[in-house]
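Here's the structure, in C-alpha cells; my notes come after.
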Amino acid sequence: EFRRVLFRSFEDQSYCPGGSGQMAAVDSWDKPPLTGSSGTSDYFNECDFTVNNPNTGNGYVGFFTYINFIPNAREYVQAQLTSPLQAGECYTGSMYISLRPGSGYALDSVGMFVSVLAPPSVSGNMIDTTPQIATNVGNMVADSNWVQITGSFIATGGEEYVTIGVFAPESNLTINSTGGPSLSSFYLVDDVCITLIPHDTTTTDLVADTSLCTSTLIT
C-alpha cells in the first residue's frame, strides 16, 4: 500500500534561520498559499534566531495576530497532514502558544483550523472561517509562558490541512494591552499535535512535533 508521510516537527530544518520571514527553513510547514502580498510568518531555531525559549526541542514558529494601525492584519502557518481525517471520527488537536516578549497586545481566538483544502491568505489579511480549536477570553495567553491549547472535534472527512492563526475580525476579538512597547500582538507556536481517538482509545498521531507526539501514520 502506498503511503505518503510528511513529518511535521519544527525540529526538521533545511537550513538555520538567521532572521525573520524564513519559513522555508522548516520542512513541511509554510505560510498559506497567497492570492496577494505575503505576510512574513517566522521560523525560529536556537541554532541562531530566537525570541523566546522553545517549549521543547530547538524550533518553533510565530506570526502576527494584530497590528493596531492595520485593520485585520494577520499571518498564519500551515502544514499538510500525513493522512486525511476520517468522517465521523473524533480527533483532538493541541498546541502550545506564548506571546512574543515585547508584544503590546494580547488577544483571544488564536486557533487551529483543519480543512480539506489549504485556505489562502488574501494580501496578508485574515482568513475568515471558524477554527475547530481556539483560545477564548478565559484562557487568553498574555505573556511569554507556554500554555497548552487543546480541544476535540468530529471530522467531516477528507480534511488534510492544518492552519494556525486568528480567524476572526477585530470586532469579534477581545484585545488587551500588555504595556509592552510594540504596537502589535505576535504569538509563538510549538508542539502541534492532531490525534485520532479510536473507539478502543488507542491514539495515533497525524501531525506531530517533537517528543510530545509520535509520528505514526493512520492507514
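Each chain in the C-alpha cells gets a letter, A, B and so on, in the order shown; residues start at 1 in every chain, and ligands are counted from 1 in the order they appear.
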Can you tell me which residues surround Pro54 (chain A) at a distance of at most 9 Å, considering only C-alpha atoms, apart from same-chain residues fewer than 6 positions away, and format the answer as an MDAnalysis selection string?
chainID A and resid 44:46 60 146 189:190
Give me, as a tab-separated table, the closest atom pair and its distance (Å, one decimal) for every residue of region 43-89 of chain A within a cut-off of 9 Å of region 161-175 of chain A, counting only C-alpha atoms, rows sorted by chain and rising number.
residue	atom	partner	partner_atom	distance
A:Phe63	CA	A:Gly165	CA	7.5
A:Phe64	CA	A:Gly165	CA	8.3
A:Thr65	CA	A:Val166	CA	6.0
A:Tyr66	CA	A:Glu170	CA	8.2
A:Pro71	CA	A:Glu170	CA	7.6
A:Asn72	CA	A:Pro169	CA	6.0
A:Arg74	CA	A:Val166	CA	7.1
A:Glu75	CA	A:Gly165	CA	6.6
A:Tyr76	CA	A:Gly165	CA	4.9
A:Val77	CA	A:Ile164	CA	5.4
A:Gln78	CA	A:Thr163	CA	4.4
A:Ala79	CA	A:Val162	CA	5.5
A:Gln80	CA	A:Tyr161	CA	4.4
A:Leu81	CA	A:Tyr161	CA	5.6
A:Pro84	CA	A:Tyr161	CA	8.2
Just the selected residues (all heavy atoms), exported as a CSV table (one decimal), in the first residue's frame, please.
chain,number,residue,atom,x,y,z
A,63,PHE,N,3.8,34.3,14.4
A,63,PHE,CA,3.1,35.1,13.4
A,63,PHE,C,2.4,36.3,14.1
A,63,PHE,O,2.0,36.2,15.3
A,63,PHE,CB,2.1,34.3,12.7
A,63,PHE,CG,1.3,33.3,13.6
A,63,PHE,CD1,0.2,33.7,14.3
A,63,PHE,CD2,1.7,32.0,13.7
A,63,PHE,CE1,-0.5,32.9,15.1
A,63,PHE,CE2,1.0,31.1,14.5
A,63,PHE,CZ,-0.1,31.6,15.2
A,64,PHE,N,2.2,37.3,13.4
A,64,PHE,CA,1.3,38.5,13.8
A,64,PHE,C,-0.1,38.1,13.9
A,64,PHE,O,-0.6,37.4,12.9
A,64,PHE,CB,1.5,39.7,13.0
A,64,PHE,CG,2.8,40.4,13.2
A,64,PHE,CD1,3.9,40.4,12.3
A,64,PHE,CD2,3.0,41.2,14.3
A,64,PHE,CE1,5.0,41.0,12.5
A,64,PHE,CE2,4.2,41.9,14.6
A,64,PHE,CZ,5.2,41.8,13.7
A,65,THR,N,-0.8,38.5,14.9
A,65,THR,CA,-2.3,38.3,15.0
A,65,THR,C,-3.0,39.6,15.1
A,65,THR,O,-4.2,39.6,15.0
A,65,THR,CB,-2.6,37.4,16.3
A,65,THR,OG1,-2.1,38.1,17.4
A,65,THR,CG2,-2.0,36.1,16.2
A,66,TYR,N,-2.3,40.7,15.3
A,66,TYR,CA,-2.9,42.0,15.4
A,66,TYR,C,-1.9,43.1,15.3
A,66,TYR,O,-0.8,43.0,15.8
A,66,TYR,CB,-3.6,42.1,16.8
A,66,TYR,CG,-4.1,43.5,17.1
A,66,TYR,CD1,-5.3,44.0,16.5
A,66,TYR,CD2,-3.4,44.4,18.0
A,66,TYR,CE1,-5.8,45.3,16.8
A,66,TYR,CE2,-3.9,45.6,18.3
A,66,TYR,CZ,-5.1,46.1,17.7
A,66,TYR,OH,-5.5,47.3,18.0
A,71,PRO,N,-6.0,47.4,9.9
A,71,PRO,CA,-7.2,46.6,10.2
A,71,PRO,C,-7.1,45.2,9.8
A,71,PRO,O,-6.7,44.8,8.6
A,71,PRO,CB,-8.3,47.3,9.5
A,71,PRO,CG,-7.8,48.7,9.3
A,71,PRO,CD,-6.3,48.6,9.1
A,72,ASN,N,-7.4,44.2,10.7
A,72,ASN,CA,-7.5,42.8,10.4
A,72,ASN,C,-6.2,42.2,9.8
A,72,ASN,O,-6.2,41.3,9.0
A,72,ASN,CB,-8.7,42.5,9.5
A,72,ASN,CG,-10.0,42.7,10.3
A,72,ASN,OD1,-10.1,42.5,11.5
A,72,ASN,ND2,-10.9,43.3,9.5
A,74,ARG,N,-3.2,39.9,9.6
A,74,ARG,CA,-3.0,38.6,10.1
A,74,ARG,C,-1.8,37.9,9.4
A,74,ARG,O,-1.5,38.1,8.2
A,74,ARG,CB,-4.2,37.7,9.8
A,74,ARG,CG,-5.5,38.2,10.4
A,74,ARG,CD,-5.5,38.0,12.0
A,74,ARG,NE,-6.8,38.3,12.5
A,74,ARG,CZ,-7.2,39.6,12.8
A,74,ARG,NH1,-6.3,40.6,12.8
A,74,ARG,NH2,-8.4,39.8,13.3
A,75,GLU,N,-1.2,36.9,10.1
A,75,GLU,CA,-0.3,36.0,9.5
A,75,GLU,C,-0.7,34.6,10.0
A,75,GLU,O,-1.3,34.4,11.0
A,75,GLU,CB,1.2,36.3,9.9
A,75,GLU,CG,1.7,37.6,9.3
A,75,GLU,CD,3.1,37.9,9.7
A,75,GLU,OE1,3.6,37.4,10.7
A,75,GLU,OE2,3.8,38.6,8.9
A,76,TYR,N,-0.3,33.5,9.2
A,76,TYR,CA,-0.6,32.2,9.6
A,76,TYR,C,0.5,31.2,9.3
A,76,TYR,O,1.4,31.6,8.5
A,76,TYR,CB,-1.8,31.7,8.8
A,76,TYR,CG,-3.1,32.6,8.9
A,76,TYR,CD1,-3.3,33.7,8.1
A,76,TYR,CD2,-4.0,32.3,9.9
A,76,TYR,CE1,-4.4,34.5,8.3
A,76,TYR,CE2,-5.2,33.0,10.1
A,76,TYR,CZ,-5.4,34.1,9.3
A,76,TYR,OH,-6.5,34.9,9.4
A,77,VAL,N,0.5,30.0,9.9
A,77,VAL,CA,1.4,28.9,9.5
A,77,VAL,C,0.5,27.8,9.1
A,77,VAL,O,-0.7,27.6,9.6
A,77,VAL,CB,2.4,28.6,10.6
A,77,VAL,CG1,3.3,29.7,10.8
A,77,VAL,CG2,1.7,28.2,11.9
A,78,GLN,N,1.0,26.9,8.2
A,78,GLN,CA,0.1,25.9,7.6
A,78,GLN,C,1.0,24.6,7.3
A,78,GLN,O,2.2,24.7,6.9
A,78,GLN,CB,-0.5,26.4,6.4
A,78,GLN,CG,-1.6,25.5,5.8
A,78,GLN,CD,-2.2,26.3,4.6
A,78,GLN,OE1,-1.7,26.2,3.5
A,78,GLN,NE2,-3.3,27.0,4.8
A,79,ALA,N,0.4,23.4,7.4
A,79,ALA,CA,1.0,22.2,7.0
A,79,ALA,C,0.0,21.2,6.5
A,79,ALA,O,-1.2,21.3,6.8
A,79,ALA,CB,1.7,21.6,8.2
A,80,GLN,N,0.4,20.3,5.7
A,80,GLN,CA,-0.4,19.2,5.2
A,80,GLN,C,-0.3,18.0,6.2
A,80,GLN,O,0.8,17.6,6.6
A,80,GLN,CB,-0.1,18.8,3.8
A,80,GLN,CG,-1.0,17.8,3.2
A,80,GLN,CD,-0.7,17.4,1.8
A,80,GLN,OE1,0.4,17.8,1.3
A,80,GLN,NE2,-1.6,16.9,1.0
A,81,LEU,N,-1.5,17.4,6.5
A,81,LEU,CA,-1.5,16.2,7.4
A,81,LEU,C,-0.8,15.0,6.7
A,81,LEU,O,-0.8,14.9,5.5
A,81,LEU,CB,-2.9,15.9,7.9
A,81,LEU,CG,-3.7,17.0,8.5
A,81,LEU,CD1,-5.0,16.5,8.9
A,81,LEU,CD2,-2.9,17.6,9.7
A,84,PRO,N,-5.5,12.1,5.3
A,84,PRO,CA,-6.8,12.8,5.5
A,84,PRO,C,-7.6,12.3,6.8
A,84,PRO,O,-7.5,11.1,7.1
A,84,PRO,CB,-7.6,12.5,4.2
A,84,PRO,CG,-6.5,12.1,3.3
A,84,PRO,CD,-5.5,11.4,4.0
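Distance-wise, CA of Ala106 (chain A) and CA of Ala73 (chain A) end up 14.4 Å apart.
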Residues of region 1-211 of chain A classed as strand (DSSP E) by DSSP on the backbone are to be reported as an MDAnalysis selection string.
chainID A and resid 42:45 59:67 77:80 90:99 105:107 110:115 133:134 147:154 161:166 175:177 184:196 204:207
Would you mind telling me which residue in A:Gly111, A:Pro198, A:Gly151, A:Pro32 lies nearest to Ala134 (chain A) when using only C-alpha atoms?
A:Gly111
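When only C-alpha atoms are used to measure the gap to Gly180 (chain A), the shortest distance among A:Tyr96, A:Phe69, A:Tyr105, A:Phe10 belongs to A:Tyr105.
Considering the residues A:Thr92, A:Ser109, A:Ser144, A:Ser83 and counting only C-alpha atoms, Asn52 (chain A) has its shortest atom-to-atom contact with A:Ser144.
Using only C-alpha atoms, the nearest neighbour of Ala155 (chain A) within the list A:Val137, A:Val192, A:Met112, A:Leu85 is A:Leu85.
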Just the helix (DSSP H, G or I) stuff from chain A, please, per backbone DSSP, written as number ranges by chain.
A: 23-25, 137-139, 170-172, 210-212
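Between CA of Gln148 (chain A) and CA of Leu196 (chain A) lies a distance of 18.0 Å.
Here CA of Ser20 (chain A) is placed at a distance of 22.2 Å from CA of Leu107 (chain A).
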